[in-house]
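Trainee: So here's model35.pdb (PDB, C-alpha atoms).
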```
ATOM      1  CA  MET A   1       2.839 -96.043  31.112  1.00  0.00           C
ATOM      2  CA  LYS A   2       6.445 -96.302  32.254  1.00  0.00           C
ATOM      3  CA  SER A   3       8.309 -99.559  32.344  1.00  0.00           C
ATOM      4  CA  PHE A   4       7.330-102.418  34.606  1.00  0.00           C
ATOM      5  CA  THR A   5      10.776-102.231  36.182  1.00  0.00           C
ATOM      6  CA  SER A   6      10.138 -98.847  37.797  1.00  0.00           C
ATOM      7  CA  ILE A   7       6.870-100.085  39.284  1.00  0.00           C
ATOM      8  CA  SER A   8       8.551-103.213  40.659  1.00  0.00           C
ATOM      9  CA  ILE A   9      11.297-101.144  42.247  1.00  0.00           C
ATOM     10  CA  ALA A  10       8.761 -98.811  43.834  1.00  0.00           C
ATOM     11  CA  PHE A  11       6.841-101.712  45.362  1.00  0.00           C
ATOM     12  CA  SER A  12      10.077-103.250  46.660  1.00  0.00           C
ATOM     13  CA  ILE A  13      11.020 -99.965  48.324  1.00  0.00           C
ATOM     14  CA  ALA A  14       7.595 -99.708  49.941  1.00  0.00           C
ATOM     15  CA  LEU A  15       7.663-103.244  51.303  1.00  0.00           C
ATOM     16  CA  SER A  16      11.215-102.956  52.608  1.00  0.00           C
ATOM     17  CA  SER A  17      10.344 -99.634  54.263  1.00  0.00           C
ATOM     18  CA  VAL A  18       7.492-101.202  56.212  1.00  0.00           C
ATOM     19  CA  GLN A  19       9.719-104.027  57.394  1.00  0.00           C
ATOM     20  CA  ALA A  20      12.663-101.779  58.189  1.00  0.00           C
ATOM     21  CA  PHE A  21      10.740 -99.023  59.958  1.00  0.00           C
ATOM     22  CA  GLN A  22      10.549-100.740  63.293  1.00  0.00           C
ATOM     23  CA  PRO A  23      10.371 -98.731  66.518  1.00  0.00           C
ATOM     24  CA  SER A  24      13.949 -99.649  67.439  1.00  0.00           C
ATOM     25  CA  ILE A  25      14.917 -95.991  67.294  1.00  0.00           C
ATOM     26  CA  VAL A  26      12.406 -95.200  69.978  1.00  0.00           C
ATOM     27  CA  SER A  27      11.671 -97.243  73.073  1.00  0.00           C
ATOM     28  CA  ARG A  28       8.458 -99.171  73.321  1.00  0.00           C
ATOM     29  CA  SER A  29       7.435 -97.027  76.245  1.00  0.00           C
ATOM     30  CA  ALA A  30       7.853 -93.902  74.134  1.00  0.00           C
ATOM     31  CA  LEU A  31       5.613 -95.329  71.430  1.00  0.00           C
ATOM     32  CA  ARG A  32       3.119 -96.495  74.050  1.00  0.00           C
ATOM     33  CA  ILE A  33       2.839 -99.847  72.286  1.00  0.00           C
ATOM     34  CA  ARG A  34       1.803-102.160  75.060  1.00  0.00           C
ATOM     35  CA  PRO A  35      -1.195-104.312  75.968  1.00  0.00           C
ATOM     36  CA  THR A  36      -4.145-102.360  77.313  1.00  0.00           C
ATOM     37  CA  PRO A  37      -4.875-102.600  81.055  1.00  0.00           C
ATOM     38  CA  LYS A  38      -7.563-105.175  80.318  1.00  0.00           C
ATOM     39  CA  GLN A  39      -5.167-107.354  78.297  1.00  0.00           C
ATOM     40  CA  SER A  40      -2.176-109.161  79.709  1.00  0.00           C
ATOM     41  CA  ALA A  41       0.760-109.904  77.429  1.00  0.00           C
ATOM     42  CA  SER A  42      -0.370-113.511  77.092  1.00  0.00           C
ATOM     43  CA  GLN A  43      -3.848-112.399  76.021  1.00  0.00           C
ATOM     44  CA  VAL A  44      -2.651-110.296  73.094  1.00  0.00           C
ATOM     45  CA  HIS A  45      -2.978-112.476  70.014  1.00  0.00           C
ATOM     46  CA  SER A  46      -1.977-112.015  66.422  1.00  0.00           C
ATOM     47  CA  PHE A  47      -4.478-110.693  63.920  1.00  0.00           C
ATOM     48  CA  SER A  48      -6.427-113.287  61.975  1.00  0.00           C
ATOM     49  CA  PRO A  49      -9.116-112.711  59.329  1.00  0.00           C
ATOM     50  CA  PHE A  50     -11.133-115.537  60.866  1.00  0.00           C
ATOM     51  CA  ASP A  51     -11.697-113.399  63.957  1.00  0.00           C
ATOM     52  CA  PHE A  52     -14.193-111.337  61.971  1.00  0.00           C
ATOM     53  CA  PHE A  53     -16.578-114.283  61.740  1.00  0.00           C
ATOM     54  CA  ASP A  54     -17.206-113.670  65.429  1.00  0.00           C
ATOM     55  CA  LEU A  55     -18.644-110.164  65.423  1.00  0.00           C
ATOM     56  CA  SER A  56     -18.333-109.884  69.191  1.00  0.00           C
ATOM     57  CA  ASN A  57     -14.537-110.111  68.886  1.00  0.00           C
ATOM     58  CA  ALA A  58     -14.141-108.013  65.728  1.00  0.00           C
ATOM     59  CA  MET A  59     -13.639-104.677  67.458  1.00  0.00           C
ATOM     60  CA  SER A  60     -11.266-106.028  70.090  1.00  0.00           C
ATOM     61  CA  THR A  61      -9.269-107.794  67.366  1.00  0.00           C
ATOM     62  CA  LEU A  62      -8.928-104.582  65.367  1.00  0.00           C
ATOM     63  CA  ASP A  63      -8.023-102.646  68.493  1.00  0.00           C
ATOM     64  CA  SER A  64      -5.305-105.188  69.303  1.00  0.00           C
ATOM     65  CA  PHE A  65      -4.048-105.086  65.708  1.00  0.00           C
ATOM     66  CA  TYR A  66      -3.622-101.305  65.741  1.00  0.00           C
ATOM     67  CA  GLN A  67      -1.963-101.291  69.167  1.00  0.00           C
ATOM     68  CA  THR A  68       0.494-104.160  68.731  1.00  0.00           C
ATOM     69  CA  THR A  69       1.511-103.637  65.071  1.00  0.00           C
ATOM     70  CA  PRO A  70       0.945 -99.904  64.532  1.00  0.00           C
ATOM     71  CA  TYR A  71       3.260 -99.317  61.576  1.00  0.00           C
ATOM     72  CA  GLU A  72       2.098-102.339  59.588  1.00  0.00           C
ATOM     73  CA  ALA A  73      -1.513-101.438  60.343  1.00  0.00           C
ATOM     74  CA  ALA A  74      -0.952 -97.821  59.336  1.00  0.00           C
ATOM     75  CA  PHE A  75       0.730 -98.723  56.031  1.00  0.00           C
ATOM     76  CA  THR A  76      -1.941-101.287  55.115  1.00  0.00           C
ATOM     77  CA  THR A  77      -4.891 -99.068  56.040  1.00  0.00           C
ATOM     78  CA  CYS A  78      -3.629 -95.917  54.350  1.00  0.00           C
ATOM     79  CA  GLY A  79      -2.217 -97.670  51.293  1.00  0.00           C
ATOM     80  CA  ILE A  80      -5.489 -99.441  50.494  1.00  0.00           C
ATOM     81  CA  LYS A  81      -7.470 -96.298  51.245  1.00  0.00           C
ATOM     82  CA  ALA A  82      -5.327 -94.154  48.937  1.00  0.00           C
ATOM     83  CA  SER A  83      -5.572 -96.677  46.111  1.00  0.00           C
ATOM     84  CA  ALA A  84      -9.368 -96.841  46.399  1.00  0.00           C
ATOM     85  CA  ALA A  85      -9.689 -93.050  46.531  1.00  0.00           C
ATOM     86  CA  ASP A  86      -7.583 -92.579  43.397  1.00  0.00           C
ATOM     87  CA  PHE A  87      -9.456 -95.343  41.588  1.00  0.00           C
ATOM     88  CA  LEU A  88     -12.784 -93.618  42.270  1.00  0.00           C
ATOM     89  CA  ALA A  89     -11.319 -90.277  41.186  1.00  0.00           C
ATOM     90  CA  GLN A  90     -10.120 -91.791  37.921  1.00  0.00           C
ATOM     91  CA  LYS A  91     -13.509 -93.369  37.228  1.00  0.00           C
ATOM     92  CA  ARG A  92     -15.220 -90.046  37.918  1.00  0.00           C
ATOM     93  CA  GLU A  93     -12.831 -88.181  35.623  1.00  0.00           C
ATOM     94  CA  SER A  94     -13.244 -90.663  32.771  1.00  0.00           C
ATOM     95  CA  GLY A  95     -17.047 -90.375  32.652  1.00  0.00           C
ATOM     96  CA  ASP A  96     -18.167 -91.239  29.161  1.00  0.00           C
ATOM     97  CA  ASN A  97     -14.729 -90.573  27.701  1.00  0.00           C
ATOM     98  CA  LYS A  98     -13.731 -93.877  26.148  1.00  0.00           C
ATOM     99  CA  ASP A  99     -10.141 -92.711  25.793  1.00  0.00           C
ATOM    100  CA  LYS A 100      -9.785 -92.631  29.586  1.00  0.00           C
ATOM    101  CA  GLU A 101     -11.540 -95.869  30.508  1.00  0.00           C
ATOM    102  CA  LYS A 102      -8.279 -97.612  31.456  1.00  0.00           C
ATOM    103  CA  VAL A 103      -6.924 -97.119  34.962  1.00  0.00           C
ATOM    104  CA  GLU A 104      -3.603 -95.260  35.189  1.00  0.00           C
ATOM    105  CA  PHE A 105      -1.697 -97.744  37.336  1.00  0.00           C
ATOM    106  CA  GLU A 106       1.346 -95.498  37.736  1.00  0.00           C
ATOM    107  CA  ARG A 107      -0.852 -92.755  39.149  1.00  0.00           C
ATOM    108  CA  ASN A 108      -2.536 -95.274  41.448  1.00  0.00           C
ATOM    109  CA  LEU A 109       0.832 -96.619  42.582  1.00  0.00           C
ATOM    110  CA  ALA A 110       1.932 -93.090  43.453  1.00  0.00           C
ATOM    111  CA  PHE A 111      -1.044 -92.731  45.768  1.00  0.00           C
ATOM    112  CA  ILE A 112      -0.480 -96.171  47.319  1.00  0.00           C
ATOM    113  CA  LEU A 113       3.099 -95.205  48.201  1.00  0.00           C
ATOM    114  CA  TYR A 114       2.077 -91.754  49.418  1.00  0.00           C
ATOM    115  CA  GLY A 115      -0.779 -93.189  51.465  1.00  0.00           C
ATOM    116  CA  GLY A 116       1.166 -96.054  52.989  1.00  0.00           C
ATOM    117  CA  LEU A 117       4.568 -94.460  53.573  1.00  0.00           C
ATOM    118  CA  TYR A 118       3.617 -90.905  54.476  1.00  0.00           C
ATOM    119  CA  GLN A 119      -0.011 -90.896  55.621  1.00  0.00           C
ATOM    120  CA  GLY A 120       0.474 -94.222  57.358  1.00  0.00           C
ATOM    121  CA  ILE A 121       3.988 -94.736  58.729  1.00  0.00           C
ATOM    122  CA  ALA A 122       5.280 -91.156  58.825  1.00  0.00           C
ATOM    123  CA  GLN A 123       2.133 -89.621  60.260  1.00  0.00           C
ATOM    124  CA  TYR A 124       1.910 -92.265  62.966  1.00  0.00           C
ATOM    125  CA  PHE A 125       5.440 -91.359  64.026  1.00  0.00           C
ATOM    126  CA  ILE A 126       4.793 -87.604  63.820  1.00  0.00           C
ATOM    127  CA  TYR A 127       1.424 -87.535  65.586  1.00  0.00           C
ATOM    128  CA  ASN A 128       1.857 -90.300  68.158  1.00  0.00           C
ATOM    129  CA  VAL A 129       5.562 -90.048  68.962  1.00  0.00           C
ATOM    130  CA  MET A 130       6.839 -86.561  68.188  1.00  0.00           C
ATOM    131  CA  PHE A 131       3.747 -84.458  68.940  1.00  0.00           C
ATOM    132  CA  PRO A 132       3.386 -85.755  72.526  1.00  0.00           C
ATOM    133  CA  GLN A 133       7.061 -84.949  73.098  1.00  0.00           C
ATOM    134  CA  TRP A 134       6.786 -81.470  71.584  1.00  0.00           C
ATOM    135  CA  PHE A 135       3.365 -80.348  72.810  1.00  0.00           C
ATOM    136  CA  GLY A 136       2.307 -82.830  75.491  1.00  0.00           C
ATOM    137  CA  SER A 137      -0.533 -85.333  75.323  1.00  0.00           C
ATOM    138  CA  GLY A 138      -3.281 -83.321  77.000  1.00  0.00           C
ATOM    139  CA  HIS A 139      -6.698 -82.646  75.498  1.00  0.00           C
ATOM    140  CA  ASP A 140      -7.104 -79.070  76.719  1.00  0.00           C
ATOM    141  CA  ILE A 141      -7.849 -76.284  74.240  1.00  0.00           C
ATOM    142  CA  ILE A 142      -4.319 -74.830  74.275  1.00  0.00           C
ATOM    143  CA  THR A 143      -2.591 -78.172  73.648  1.00  0.00           C
ATOM    144  CA  VAL A 144      -5.015 -79.243  70.934  1.00  0.00           C
ATOM    145  CA  GLY A 145      -4.977 -75.805  69.313  1.00  0.00           C
ATOM    146  CA  THR A 146      -1.179 -75.730  69.248  1.00  0.00           C
ATOM    147  CA  GLN A 147      -1.048 -79.140  67.582  1.00  0.00           C
ATOM    148  CA  VAL A 148      -3.641 -78.190  64.978  1.00  0.00           C
ATOM    149  CA  VAL A 149      -1.948 -74.878  64.136  1.00  0.00           C
ATOM    150  CA  PHE A 150       1.488 -76.495  63.848  1.00  0.00           C
ATOM    151  CA  ASP A 151       0.123 -79.311  61.685  1.00  0.00           C
ATOM    152  CA  LEU A 152      -1.813 -77.056  59.296  1.00  0.00           C
ATOM    153  CA  GLY A 153       0.673 -74.193  59.288  1.00  0.00           C
ATOM    154  CA  ILE A 154       3.993 -76.059  59.076  1.00  0.00           C
ATOM    155  CA  ILE A 155       3.648 -79.784  58.374  1.00  0.00           C
ATOM    156  CA  SER A 156       0.876 -79.642  55.776  1.00  0.00           C
ATOM    157  CA  PRO A 157       2.223 -76.988  53.354  1.00  0.00           C
ATOM    158  CA  PHE A 158       5.911 -77.842  53.775  1.00  0.00           C
ATOM    159  CA  LEU A 159       5.859 -81.633  54.176  1.00  0.00           C
ATOM    160  CA  CYS A 160       2.508 -83.371  53.683  1.00  0.00           C
ATOM    161  CA  LEU A 161       1.442 -81.884  50.345  1.00  0.00           C
ATOM    162  CA  PRO A 162       4.927 -81.562  48.786  1.00  0.00           C
ATOM    163  CA  VAL A 163       5.549 -85.263  49.506  1.00  0.00           C
ATOM    164  CA  ALA A 164       2.406 -86.151  47.538  1.00  0.00           C
ATOM    165  CA  TYR A 165       3.555 -84.165  44.516  1.00  0.00           C
ATOM    166  CA  LEU A 166       7.132 -85.429  44.695  1.00  0.00           C
ATOM    167  CA  THR A 167       5.932 -89.042  44.944  1.00  0.00           C
ATOM    168  CA  LYS A 168       3.715 -88.716  41.892  1.00  0.00           C
ATOM    169  CA  SER A 169       6.440 -86.875  39.972  1.00  0.00           C
ATOM    170  CA  THR A 170       8.950 -89.642  40.714  1.00  0.00           C
ATOM    171  CA  ILE A 171       6.575 -92.447  39.673  1.00  0.00           C
ATOM    172  CA  TYR A 172       5.890 -90.661  36.385  1.00  0.00           C
ATOM    173  CA  GLY A 173       9.614 -90.259  35.718  1.00  0.00           C
ATOM    174  CA  ASN A 174       9.628 -86.484  36.152  1.00  0.00           C
ATOM    175  CA  THR A 175      12.120 -84.456  38.148  1.00  0.00           C
ATOM    176  CA  PRO A 176      11.505 -83.218  41.714  1.00  0.00           C
ATOM    177  CA  ILE A 177      11.616 -79.651  40.367  1.00  0.00           C
ATOM    178  CA  GLU A 178       8.731 -80.429  38.021  1.00  0.00           C
ATOM    179  CA  GLY A 179       6.780 -81.909  40.921  1.00  0.00           C
ATOM    180  CA  MET A 180       7.308 -78.813  43.054  1.00  0.00           C
ATOM    181  CA  LYS A 181       6.359 -76.524  40.163  1.00  0.00           C
ATOM    182  CA  LYS A 182       3.058 -78.387  39.881  1.00  0.00           C
ATOM    183  CA  TYR A 183       2.536 -78.056  43.652  1.00  0.00           C
ATOM    184  CA  VAL A 184       3.153 -74.289  43.646  1.00  0.00           C
ATOM    185  CA  ASN A 185       0.923 -73.938  40.594  1.00  0.00           C
ATOM    186  CA  ASP A 186      -1.961 -75.795  42.260  1.00  0.00           C
ATOM    187  CA  VAL A 187      -1.598 -73.687  45.406  1.00  0.00           C
ATOM    188  CA  ARG A 188      -1.796 -70.494  43.346  1.00  0.00           C
ATOM    189  CA  TYR A 189      -4.389 -71.394  40.724  1.00  0.00           C
ATOM    190  CA  GLN A 190      -6.352 -74.365  42.086  1.00  0.00           C
ATOM    191  CA  GLY A 191      -6.904 -73.151  45.649  1.00  0.00           C
ATOM    192  CA  LEU A 192      -5.182 -76.270  46.982  1.00  0.00           C
ATOM    193  CA  LEU A 193      -4.432 -75.026  50.501  1.00  0.00           C
ATOM    194  CA  LEU A 194      -7.863 -73.457  50.987  1.00  0.00           C
ATOM    195  CA  LYS A 195      -9.549 -76.716  50.010  1.00  0.00           C
ATOM    196  CA  TYR A 196      -7.157 -78.589  52.310  1.00  0.00           C
ATOM    197  CA  TYR A 197      -7.896 -76.376  55.319  1.00  0.00           C
ATOM    198  CA  LYS A 198     -11.665 -76.584  54.840  1.00  0.00           C
ATOM    199  CA  ILE A 199     -11.467 -80.340  55.344  1.00  0.00           C
ATOM    200  CA  TRP A 200      -8.569 -80.758  57.743  1.00  0.00           C
ATOM    201  CA  PHE A 201      -9.078 -77.955  60.264  1.00  0.00           C
ATOM    202  CA  PRO A 202     -12.208 -79.519  61.820  1.00  0.00           C
ATOM    203  CA  ALA A 203     -10.853 -83.025  61.253  1.00  0.00           C
ATOM    204  CA  GLN A 204      -7.580 -82.379  63.088  1.00  0.00           C
ATOM    205  CA  CYS A 205      -9.408 -80.739  65.990  1.00  0.00           C
ATOM    206  CA  LEU A 206     -11.146 -84.095  66.476  1.00  0.00           C
ATOM    207  CA  THR A 207      -7.912 -86.029  65.857  1.00  0.00           C
ATOM    208  CA  PHE A 208      -5.999 -84.379  68.688  1.00  0.00           C
ATOM    209  CA  GLY A 209      -8.919 -83.601  70.967  1.00  0.00           C
ATOM    210  CA  VAL A 210     -11.168 -86.657  70.893  1.00  0.00           C
ATOM    211  CA  VAL A 211      -9.796 -89.674  68.994  1.00  0.00           C
ATOM    212  CA  PRO A 212      -7.751 -92.229  71.027  1.00  0.00           C
ATOM    213  CA  GLU A 213      -4.063 -92.068  70.183  1.00  0.00           C
ATOM    214  CA  HIS A 214      -3.715 -95.533  68.630  1.00  0.00           C
ATOM    215  CA  LEU A 215      -6.777 -94.932  66.414  1.00  0.00           C
ATOM    216  CA  ARG A 216      -5.741 -91.531  65.081  1.00  0.00           C
ATOM    217  CA  ILE A 217      -4.384 -92.938  61.818  1.00  0.00           C
ATOM    218  CA  VAL A 218      -7.606 -94.884  61.251  1.00  0.00           C
ATOM    219  CA  PHE A 219      -9.655 -91.719  61.730  1.00  0.00           C
ATOM    220  CA  ILE A 220      -7.334 -89.709  59.494  1.00  0.00           C
ATOM    221  CA  ALA A 221      -7.565 -92.454  56.865  1.00  0.00           C
ATOM    222  CA  CYS A 222     -11.362 -92.219  56.854  1.00  0.00           C
ATOM    223  CA  VAL A 223     -11.278 -88.447  56.354  1.00  0.00           C
ATOM    224  CA  SER A 224      -8.420 -88.509  53.858  1.00  0.00           C
ATOM    225  CA  PHE A 225     -10.274 -91.036  51.694  1.00  0.00           C
ATOM    226  CA  PHE A 226     -12.519 -88.185  50.562  1.00  0.00           C
ATOM    227  CA  TRP A 227      -9.649 -85.689  50.540  1.00  0.00           C
ATOM    228  CA  LEU A 228      -7.546 -87.922  48.279  1.00  0.00           C
ATOM    229  CA  ILE A 229     -10.366 -88.141  45.758  1.00  0.00           C
ATOM    230  CA  LEU A 230     -10.207 -84.358  45.503  1.00  0.00           C
ATOM    231  CA  LEU A 231      -6.390 -84.259  45.584  1.00  0.00           C
ATOM    232  CA  SER A 232      -6.165 -86.921  42.889  1.00  0.00           C
ATOM    233  CA  SER A 233      -8.320 -84.806  40.592  1.00  0.00           C
ATOM    234  CA  ILE A 234      -6.342 -81.637  41.337  1.00  0.00           C
ATOM    235  CA  THR A 235      -2.951 -83.237  40.701  1.00  0.00           C
ATOM    236  CA  ALA A 236      -4.244 -84.773  37.451  1.00  0.00           C
ATOM    237  CA  THR A 237      -4.895 -81.304  35.997  1.00  0.00           C
ATOM    238  CA  PRO A 238      -2.247 -80.523  33.360  1.00  0.00           C
ATOM    239  CA  LEU A 239       0.026 -77.644  34.313  1.00  0.00           C
ATOM    240  CA  GLU A 240      -0.884 -75.536  31.318  1.00  0.00           C
ATOM    241  CA  ASN A 241      -4.617 -76.054  31.924  1.00  0.00           C
ATOM    242  CA  ALA A 242      -4.305 -75.114  35.583  1.00  0.00           C
ATOM    243  CA  VAL A 243      -2.549 -71.853  34.735  1.00  0.00           C
ATOM    244  CA  ASN A 244      -5.292 -70.848  32.312  1.00  0.00           C
ATOM    245  CA  GLU A 245      -8.146 -71.473  34.764  1.00  0.00           C
TER     246      GLU A 245
END
```
Show me this structure written as structure tokens.

Mentor:
Amino acid sequence: MKSFTSISIAFSIALSSVQAFQPSIVSRSALRIRPTPKQSASQVHSFSPFDFFDLSNAMSTLDSFYQTTPYEAAFTTCGIKASAADFLAQKRESGDNKDKEKVEFERNLAFILYGGLYQGIAQYFIYNVMFPQWFGSGHDIITVGTQVVFDLGIISPFLCLPVAYLTKSTIYGNTPIEGMKKYVNDVRYQGLLLKYYKIWFPAQCLTFGVVPEHLRIVFIACVSFFWLILLSSITATPLENAVNE
């Protein structure tokens, strides 16, 4: 495992990114971050764990949390989800192999950063800010279909998946070129994109056609929990082994 210093720096970058990525670059109206019609500004309260002791208020508390602090909520949800998915993938890979019983914390950190920064913060901005501006916010077949095709045809192969490989490559101390070589290799020999589309085509149809805007990242996080287990296993395959398969 690499030095503790690199891990500390990575965590510092992640935390500062969450604090710095405030919606100052876009107006509040553009982000649609406002109290719901049933909640006045004075009724919107900060999130507290104690609210969950009252089950009747749990859902409204979560709803308020995701509407009033969307970037913090997105980073927290997706970061924890990515860490858990990678942990399960590592446990599954180790099996009875005693040499692999220890958790690879650098690998797990890579997925925390990828989950929190990209799948959380970046995807919230892309799907809830940019997509409505580019394609509109309707739920008709043409609008939803255009969003799904653009996401799977442009964003996924040229942004979403490369970011995952570059993040892991950086955490492991490798060069970006090595990370991209592994990505291209997995696309060619591991069927990465085909596996991705099998999961995300139906999921994204629901994301843009059914799921409320402020809960899209939560829904995506639920689906990507299972996707990241698969992705974690694919990216863990050594380059030379992948080529020979």

Trainee: Which residues of segment 52-128 of chain A sit at most 9 Å from segment 170-194 of chain A, using all atoms listed in the file? Give each one's shortest atom pair and distance in Å (one decimal place), in chain and ascending residue order, as JSON lines.

Mentor:
```
{"residue": "A:Glu106", "atom": "CA", "partner": "A:Ile171", "partner_atom": "CA", "distance": 6.4}
{"residue": "A:Arg107", "atom": "CA", "partner": "A:Ile171", "partner_atom": "CA", "distance": 7.5}
{"residue": "A:Leu109", "atom": "CA", "partner": "A:Ile171", "partner_atom": "CA", "distance": 7.7}
{"residue": "A:Ala110", "atom": "CA", "partner": "A:Ile171", "partner_atom": "CA", "distance": 6.0}
```

Trainee: So how far away is atom CA of Ile121 of chain A from atom CA of Tyr66 of chain A, in Å?

Mentor: 12.3 Å

Trainee: I'd like the interatomic distance between atom CA of Val163 of chain A and atom CA of Phe208 of chain A, to a tenth of an Å.

Mentor: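 Computed distance, atom CA of Val163 of chain A to atom CA of Phe208 of chain A, equals 22.4 Å.
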
Trainee: Please evaluate the PyMOL selection byres ((chain A and resi 78) around 10) against the structure above and give the resulting residues as a VMD selection string.

Mentor: chain A and resid 73 to 77 79 to 84 111 to 121 217 to 218 220 to 222 224 to 225

Trainee: Per residue of segment 102-187 of chain A within 10 Å of segment 88-94 of chain A, what are the shortest atom pair and its distance in Å to one decimal, counting all atoms listed in the file, with rows by chain and residue number, as a Markdown table?

Mentor:
```
| residue | atom | partner | partner_atom | distance |
| --- | --- | --- | --- | --- |
| A:Lys102 | CA | A:Ser94 | CA | 8.6 |
| A:Val103 | CA | A:Gln90 | CA | 6.9 |
| A:Glu104 | CA | A:Gln90 | CA | 7.9 |
| A:Arg107 | CA | A:Gln90 | CA | 9.4 |
| A:Asn108 | CA | A:Gln90 | CA | 9.1 |
```

Trainee: In Å, how far is it from atom CA of Met130 of chain A to atom CA of Thr235 of chain A?

Mentor: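 Going from atom CA of Met130 of chain A over to atom CA of Thr235 of chain A, I get 29.4 Å.
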
Trainee: Choose the residue, out of A:Ser156, A:Leu215, A:Cys205, A:Ser233, that has the smallest atom-to-atom separation from Ile141 of chain A; count only C-alpha atoms.

Mentor: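 That would be A:Cys205, the residue with the smallest distance to Ile141 of chain A.
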
Trainee: Which residues fall under the PyMOL selection byres ((chain A and resi 229) around 6) in this file, as a list in words?

Mentor: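 Listing what the PyMOL selection byres ((chain A and resi 229) around 6) selects in the shown file: Ala85, Asp86, Ala89, Phe226, Trp227, Leu228, Leu230, Leu231 and Ser232 of chain A.
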
Trainee: Go through A:Thr207, A:Lys195, A:Ala122, A:Phe219 one by one, measure the shortest atom-to-atom distance of each to Ile155 of chain A using only C-alpha atoms, and give the residue with the smallest value.

Mentor: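 The closest residue to Ile155 of chain A is A:Ala122.
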
Trainee: If the PyMOL selection byres ((chain A and resi 143-152) around 8) is run on the structure shown, which residues does it catch, given as an MDAnalysis selection string?

Mentor: chainID A and resid 131 135:142 153:157 197 200:201 204:205 208:209

Trainee: Considering only C-alpha atoms, state which residue in the set A:Lys198, A:Phe158, A:Asn57, A:Glu72 is at the smallest distance from Tyr124 of chain A.

Mentor: A:Glu72

Trainee: Ranking A:Asp63, A:Phe105, A:His214, A:Tyr165 by minimum distance to Gln123 of chain A and counting only C-alpha atoms, which one comes first?

Mentor: A:His214

Trainee: From the set A:Gln133, A:Thr237, A:Asn128, A:Ser60, which residue has the shortest atom-to-atom contact distance to Arg216 of chain A, counting all atoms listed in the file?

Mentor: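 Closest candidate: A:Asn128.
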